[in-house]
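File shown: start.cif. Contents: mmCIF, C-alpha atoms.
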data_query
loop_
_atom_site.group_PDB
_atom_site.id
_atom_site.type_symbol
_atom_site.label_atom_id
_atom_site.label_comp_id
_atom_site.auth_asym_id
_atom_site.auth_seq_id
_atom_site.Cartn_x
_atom_site.Cartn_y
_atom_site.Cartn_z
ATOM 1 C CA GLY A 365 -1.921 7.796 48.537
ATOM 2 C CA ILE A 366 -1.205 10.115 51.404
ATOM 3 C CA LYS A 367 -4.824 11.350 51.610
ATOM 4 C CA GLU A 368 -6.133 7.816 52.082
ATOM 5 C CA ILE A 369 -3.551 7.097 54.790
ATOM 6 C CA GLN A 370 -4.394 10.361 56.533
ATOM 7 C CA ASN A 371 -8.084 9.442 56.361
ATOM 8 C CA VAL A 372 -7.407 6.086 58.084
ATOM 9 C CA VAL A 373 -5.233 7.793 60.725
ATOM 10 C CA THR A 374 -7.955 10.375 61.403
ATOM 11 C CA THR A 375 -10.810 7.840 61.404
ATOM 12 C CA LEU A 376 -9.018 5.491 63.798
ATOM 13 C CA ARG A 377 -7.777 8.436 65.892
ATOM 14 C CA ILE A 378 -4.195 7.264 65.661
ATOM 15 C CA SER A 379 -1.898 9.672 67.463
ATOM 16 C CA GLN A 380 1.490 8.228 66.542
ATOM 17 C CA ILE A 381 2.890 6.074 63.764
ATOM 18 C CA GLU A 382 6.257 4.340 64.074
ATOM 19 C CA VAL A 383 8.143 2.650 61.326
ATOM 20 C CA ARG A 384 10.626 -0.014 62.334
ATOM 21 C CA THR A 385 12.782 -2.280 60.246
ATOM 22 C CA GLU A 386 14.117 -5.702 61.161
ATOM 23 C CA ASP A 387 17.437 -4.013 62.075
ATOM 24 C CA ASP A 388 15.763 -1.931 64.781
ATOM 25 C CA PRO A 389 16.871 -3.131 68.282
ATOM 26 C CA VAL A 390 13.255 -3.436 69.457
ATOM 27 C CA VAL A 391 12.366 -5.706 66.530
ATOM 28 C CA LYS A 392 15.712 -7.473 66.164
ATOM 29 C CA GLN A 393 15.268 -9.561 69.328
ATOM 30 C CA TYR A 394 12.251 -11.255 67.687
ATOM 31 C CA ILE A 395 13.946 -11.976 64.370
ATOM 32 C CA HIS A 396 15.531 -15.394 64.047
ATOM 33 C CA ASN A 397 18.501 -16.219 61.887
ATOM 34 C CA ARG A 398 17.469 -17.140 58.428
ATOM 35 C CA GLU A 399 19.178 -18.337 55.352
ATOM 36 C CA GLU A 400 18.173 -17.025 51.972
ATOM 37 C CA GLU A 401 18.996 -18.545 48.657
ATOM 38 C CA ASN A 402 17.989 -16.963 45.377
ATOM 39 C CA ILE A 403 17.152 -19.509 42.752
ATOM 40 C CA ILE A 404 16.734 -18.186 39.246
ATOM 41 C CA VAL A 405 14.208 -20.275 37.379
ATOM 42 C CA LYS A 406 14.534 -20.290 33.621
ATOM 43 C CA GLN A 407 11.318 -19.826 31.673
ATOM 44 C CA PRO A 408 10.477 -22.939 29.664
ATOM 45 C CA ASP A 409 10.634 -22.717 25.885
ATOM 46 C CA ALA A 410 6.842 -23.097 25.674
ATOM 47 C CA ILE A 411 6.353 -19.917 27.710
ATOM 48 C CA LYS A 412 8.903 -18.043 25.584
ATOM 49 C CA ILE A 413 7.050 -19.087 22.417
ATOM 50 C CA LEU A 414 3.696 -18.069 23.880
ATOM 51 C CA ASP A 415 5.144 -14.759 25.060
ATOM 52 C CA SER A 416 6.319 -13.950 21.533
ATOM 53 C CA LYS A 417 2.822 -14.719 20.202
ATOM 54 C CA PHE A 418 1.326 -12.370 22.795
ATOM 55 C CA SER A 419 3.811 -9.764 21.599
ATOM 56 C CA GLU A 420 2.574 -10.166 18.029
ATOM 57 C CA LEU A 421 -0.984 -9.553 19.251
ATOM 58 C CA VAL A 422 -0.150 -6.620 21.519
ATOM 59 C CA VAL A 423 2.221 -4.602 19.322
ATOM 60 C CA PRO A 424 -0.346 -3.494 16.651
ATOM 61 C CA ILE A 425 -2.779 -2.340 19.359
ATOM 62 C CA LEU A 426 0.007 -0.528 21.155
ATOM 63 C CA GLU A 427 1.151 1.119 17.915
ATOM 64 C CA ARG A 428 -2.393 2.387 17.283
ATOM 65 C CA LEU A 429 -2.511 3.934 20.753
ATOM 66 C CA ARG A 430 0.951 5.427 20.217
ATOM 67 C CA GLU A 431 -0.232 6.987 16.939
ATOM 68 C CA GLU A 432 -2.881 8.803 18.956
ATOM 69 C CA ASN A 433 -0.175 9.829 21.447
ATOM 70 C CA VAL A 434 -2.424 8.721 24.298
ATOM 71 C CA SER A 435 0.185 8.449 27.046
ATOM 72 C CA PRO A 436 3.945 8.530 27.527
ATOM 73 C CA GLN A 437 3.521 5.419 29.717
ATOM 74 C CA LEU A 438 2.824 3.358 26.594
ATOM 75 C CA GLN A 439 6.026 4.385 24.799
ATOM 76 C CA TYR A 440 8.178 1.720 26.437
ATOM 77 C CA ASN A 441 8.954 -1.853 25.436
ATOM 78 C CA SER A 442 5.786 -3.938 25.187
ATOM 79 C CA ALA A 443 7.484 -7.012 26.711
ATOM 80 C CA ASN A 444 7.271 -5.532 30.209
ATOM 81 C CA LEU A 445 3.982 -3.672 29.842
ATOM 82 C CA LYS A 446 1.755 -4.222 32.862
ATOM 83 C CA PRO A 447 -2.062 -4.154 32.907
ATOM 84 C CA PHE A 448 -2.015 -1.454 35.584
ATOM 85 C CA THR A 449 0.057 0.789 33.309
ATOM 86 C CA VAL A 450 -2.495 0.331 30.527
ATOM 87 C CA LEU A 451 -5.381 1.039 32.911
ATOM 88 C CA THR A 452 -3.674 4.192 34.218
ATOM 89 C CA ALA A 453 -2.985 5.433 30.687
ATOM 90 C CA TRP A 454 -6.617 4.714 29.742
ATOM 91 C CA LYS A 455 -7.957 6.696 32.706
ATOM 92 C CA GLU A 456 -5.605 9.602 32.012
ATOM 93 C CA TYR A 457 -6.601 9.644 28.343
ATOM 94 C CA LYS A 458 -10.333 9.676 29.137
ATOM 95 C CA GLU A 459 -9.899 12.413 31.761
ATOM 96 C CA LYS A 460 -7.791 14.512 29.398
ATOM 97 C CA THR A 461 -9.889 14.096 26.248
ATOM 98 C CA GLY A 462 -13.290 12.648 27.171
ATOM 99 C CA ASP A 463 -12.801 10.503 24.048
ATOM 100 C CA HIS A 464 -14.066 6.920 24.199
ATOM 101 C CA ARG A 465 -13.208 5.876 20.613
ATOM 102 C CA LEU A 466 -10.161 3.924 21.796
ATOM 103 C CA ASP A 467 -11.831 2.123 24.705
ATOM 104 C CA GLY A 468 -11.773 -1.157 22.776
ATOM 105 C CA HIS A 469 -8.048 -0.800 22.172
ATOM 106 C CA PHE A 470 -7.329 -0.044 25.825
ATOM 107 C CA ASP A 471 -9.575 -2.830 27.113
ATOM 108 C CA THR A 472 -8.139 -5.422 24.733
ATOM 109 C CA LEU A 473 -4.568 -4.340 25.476
ATOM 110 C CA ARG A 474 -5.195 -4.490 29.226
ATOM 111 C CA GLY A 475 -6.738 -7.956 28.953
ATOM 112 C CA LEU A 476 -3.904 -9.332 26.836
ATOM 113 C CA THR A 477 -1.165 -7.798 28.995
ATOM 114 C CA ASN A 478 -2.841 -9.243 32.076
ATOM 115 C CA ILE A 479 -2.875 -12.735 30.563
ATOM 116 C CA ARG A 480 0.705 -12.314 29.370
ATOM 117 C CA GLN A 481 1.773 -11.370 32.890
ATOM 118 C CA LEU A 482 -0.118 -14.357 34.314
ATOM 119 C CA LEU A 483 1.634 -16.606 31.803
ATOM 120 C CA LYS A 484 5.044 -15.409 32.988
ATOM 121 C CA GLU A 485 4.184 -15.495 36.694
ATOM 122 C CA HIS A 486 1.794 -18.448 37.057
ATOM 123 C CA GLY A 487 2.237 -20.620 33.997
ATOM 124 C CA VAL A 488 0.309 -21.932 31.050
ATOM 125 C CA ILE A 489 -2.853 -23.302 32.715
ATOM 126 C CA VAL A 490 -3.734 -20.025 34.405
ATOM 127 C CA ALA A 491 -3.046 -18.071 31.200
ATOM 128 C CA LYS A 492 -5.187 -20.460 29.145
ATOM 129 C CA THR A 493 -8.042 -20.206 31.638
ATOM 130 C CA LYS A 494 -7.934 -16.410 31.672
ATOM 131 C CA LEU A 495 -7.728 -16.206 27.876
ATOM 132 C CA SER A 496 -10.821 -18.439 27.648
ATOM 133 C CA GLU A 497 -12.630 -16.138 30.080
ATOM 134 C CA LEU A 498 -11.568 -13.069 28.089
ATOM 135 C CA MET A 499 -12.891 -14.639 24.889
ATOM 136 C CA GLN A 500 -16.254 -15.426 26.502
ATOM 137 C CA THR A 501 -16.672 -11.889 27.828
ATOM 138 C CA ALA A 502 -15.352 -9.935 24.811
ATOM 139 C CA LYS A 503 -16.980 -6.504 25.109
ATOM 140 C CA PHE A 504 -15.466 -4.776 22.097
ATOM 141 C CA ASP A 505 -15.415 -5.537 18.371
ATOM 142 C CA LEU A 506 -11.638 -5.179 18.295
ATOM 143 C CA LEU A 507 -11.176 -8.241 20.510
ATOM 144 C CA ARG A 508 -13.805 -10.233 18.607
ATOM 145 C CA LYS A 509 -12.032 -9.425 15.315
ATOM 146 C CA LEU A 510 -8.651 -10.212 16.841
ATOM 147 C CA MET A 511 -9.930 -13.623 17.922
ATOM 148 C CA GLN A 512 -10.525 -14.492 14.234
ATOM 149 C CA LYS A 513 -6.958 -13.731 13.155
ATOM 150 C CA PRO A 514 -4.482 -16.551 12.472
ATOM 151 C CA ILE A 515 -2.026 -15.287 15.110
ATOM 152 C CA PHE A 516 -4.731 -15.504 17.790
ATOM 153 C CA GLN A 517 -5.729 -18.989 16.644
ATOM 154 C CA SER A 518 -2.061 -19.982 16.680
ATOM 155 C CA LEU A 519 -1.755 -18.677 20.241
ATOM 156 C CA LEU A 520 -4.769 -20.752 21.286
ATOM 157 C CA GLN A 521 -3.301 -23.875 19.703
ATOM 158 C CA GLU A 522 0.085 -23.338 21.374
ATOM 159 C CA LEU A 523 -1.590 -22.703 24.747
ATOM 160 C CA SER A 524 -3.621 -25.902 24.399
ATOM 161 C CA ARG A 525 -0.564 -27.879 23.385
ATOM 162 C CA ALA A 526 1.494 -26.485 26.273
ATOM 163 C CA ALA A 527 -1.325 -26.933 28.783
ATOM 164 C CA ASN A 528 -2.016 -30.502 27.670
ATOM 165 C CA SER A 529 -4.677 -30.884 25.023
ATOM 166 C CA ASN A 530 -6.844 -32.976 27.393
ATOM 167 C CA TYR A 531 -7.316 -30.001 29.737
ATOM 168 C CA ASP A 532 -10.406 -27.879 29.098
ATOM 169 C CA ALA A 533 -10.106 -24.535 30.852
ATOM 170 C CA VAL A 534 -13.508 -23.237 29.733
ATOM 171 C CA GLY A 535 -15.829 -23.168 32.706
ATOM 172 C CA SER A 536 -13.658 -25.267 34.987
ATOM 173 C CA GLN A 537 -12.195 -24.356 38.345
ATOM 174 C CA LEU A 538 -8.457 -24.477 38.888
ATOM 175 C CA SER A 539 -7.271 -27.045 41.378
ATOM 176 C CA PRO A 540 -3.920 -26.716 43.202
ATOM 177 C CA GLU A 541 -2.534 -29.403 40.881
ATOM 178 C CA ASP A 542 -3.526 -27.320 37.841
ATOM 179 C CA LEU A 543 -1.660 -24.330 39.235
ATOM 180 C CA THR A 544 1.576 -26.255 39.529
ATOM 181 C CA PHE A 545 1.334 -27.947 36.124
ATOM 182 C CA ASN A 546 3.685 -26.329 33.624
ATOM 183 C CA ASN A 547 4.610 -23.577 36.082
ATOM 184 C CA PRO A 548 8.374 -23.441 36.481
ATOM 185 C CA LYS A 549 8.396 -21.466 39.741
ATOM 186 C CA TYR A 550 5.938 -23.740 41.506
ATOM 187 C CA SER A 551 7.688 -26.830 40.191
ATOM 188 C CA LYS A 552 11.058 -25.559 41.445
ATOM 189 C CA LEU A 553 9.512 -24.646 44.824
ATOM 190 C CA VAL A 554 8.106 -28.150 45.204
ATOM 191 C CA GLU A 555 11.486 -29.602 44.193
ATOM 192 C CA VAL A 556 13.342 -27.499 46.800
ATOM 193 C CA LEU A 557 10.879 -28.089 49.631
ATOM 194 C CA ILE A 558 10.345 -31.804 49.191
#
For the structure just supplied, provide its representation as structure tokens.
Amino acid sequence: GIKEIQNVVTTLRISQIEVRTEDDPVVKQYIHNREEENIIVKQPDAIKILDSKFSELVVPILERLREENVSPQLQYNSANLKPFTVLTAWKEYKEKTGDHRLDGHFDTLRGLTNIRQLLKEHGVIVAKTKLSELMQTAKFDLLRKLMQKPIFQSLLQELSRAANSNYDAVGSQLSPEDLTFNNPKYSKLVEVLI
């Protein structure tokens, strides 16, 4: 926030800060003409199916947190819930109450929303890799119990099918080719540039 910026300004002994946009005459002479084209990339059906399965996993956890009235930030639609929002609500709840009973709910919700966001932004392979990592590092009983449920197993099967059943994300590093596989934005970018 402002305090951190002021701290940097003070530490570096900055006496003046100027903000200039690309329309500013001083900057404009260095800006070249550019053409922009917005290309809307439709999410593949596989990602839509996986997203709905994530929703089925997330909604009961979210409802439990809503029952406790932990934060107004968690009252909105779960489809657009971001991990940072969950983390902020978790911190606020702990500061306000000092209660740690719901830590497993918050941690699991944050992990699942993070993977869901990665699925939408980076595709199936990245989401599958991160879900495998989350499963290996499960800290709370809630996540371990959730992993046994049929909906979670169904999600794993769909992720494997969408990611190509020959790919094993557990313990492997992602190559650039893996990042573009089954990722509609990267695929479209490659198509446009090449």
With segment 502-510 of chain A as the partner and 8 Å as the cut-off, tabulate the residues of segment 401-492 of chain A that qualify, each row holding the nearest pair of atoms and their distance in Å to one decimal, using only C-alpha atoms, sorted by chain and rising number, as CSV.
residue,atom,partner,partner_atom,distance
A:Gly468,CA,A:Phe504,CA,5.2
A:His469,CA,A:Leu506,CA,6.9
A:Asp471,CA,A:Phe504,CA,8.0
A:Thr472,CA,A:Leu507,CA,5.9
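For the atom pair formed by atom CA of Leu429 of chain A and atom CA of Ala410 of chain A, the distance is 29.0 Å, given to one decimal.
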With the file shown as input, list the residues that the PyMOL selection byres ((chain A and resi 521-530) around 6) selects, as a PyMOL selection string.
chain A and resi 488-489+518-520+531
Here is a test: counting all atoms listed in the file, which residue of A:Gln407, A:Asn402, A:Asn371, A:Gln380 is nearest to Pro548 of chain A?
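Closest to Pro548 of chain A of all the choices is A:Gln407.
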Report as a list in words all protein, DNA and RNA residues lying within 12 Å of Phe448 of chain A, evaluated on all atoms listed in the file, omitting residues in the same chain fewer than 2 positions from it.
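Selected residues are Gln437, Leu438, Asn444, Leu445, Lys446, Val450, Leu451, Thr452, Ala453, Trp454, Lys455, Phe470, Asp471, Leu473, Arg474, Gly475, Leu476, Thr477, Asn478 and Gln481 of chain A.
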Centre and edge lengths of an axis-aligned box around all listed atoms of segment 407-414 of chain A, with 3 Å added on each side, are to be given in Å to one decimal, as lines of an AutoDock Vina configuration file.
center_x = 7.5
center_y = -20.6
center_z = 27.0
size_x = 13.6
size_y = 11.1
size_z = 15.3
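Computed from the coordinates, the atom CA of Glu459 of chain A to atom CA of Ser419 of chain A distance equals 28.0 Å.
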Just to confirm, what's the straight-line distance from atom CA of Lys417 of chain A to atom CA of Pro447 of chain A in Å (one decimal)?
17.2 Å
Could you check which of A:Val422, A:Val391, A:Val434, A:Ile403 is closest to Asp467 of chain A, using all atoms listed in the file?
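That would be A:Val434, the residue with the smallest distance to Asp467 of chain A.
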So which one's closest to Pro424 of chain A, A:Asn397, A:Ser442, A:Ser379, A:Thr449? Using only C-alpha atoms, please.
A:Ser442
Proximity to Met511 of chain A - best of A:Gly365, A:Lys549, A:Val405, A:Leu421, only C-alpha atoms:
A:Leu421
Which residue out of A:Leu557, A:Ala443, A:Ile369, A:Leu466 has the minimum interatomic distance to Asp415 of chain A when all atoms listed in the file are used?
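Nearest candidate to Asp415 of chain A out of A:Leu557, A:Ala443, A:Ile369, A:Leu466: A:Ala443.
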Write out as a PyMOL selection string each polymer residue whose atoms come within 10 Å of Lys412 of chain A, counting only C-alpha atoms; drop sequence neighbours fewer than 6 positions from it.
chain A and resi 418+483-484
Preceding selection exported with C-alpha atoms as a PDB file, keeping the file's coordinate frame:
ATOM      1  CA  PHE A 418       1.326 -12.370  22.795  1.00  0.00           C
ATOM      2  CA  LEU A 483       1.634 -16.606  31.803  1.00  0.00           C
ATOM      3  CA  LYS A 484       5.044 -15.409  32.988  1.00  0.00           C
TER       4      LYS A 484
END
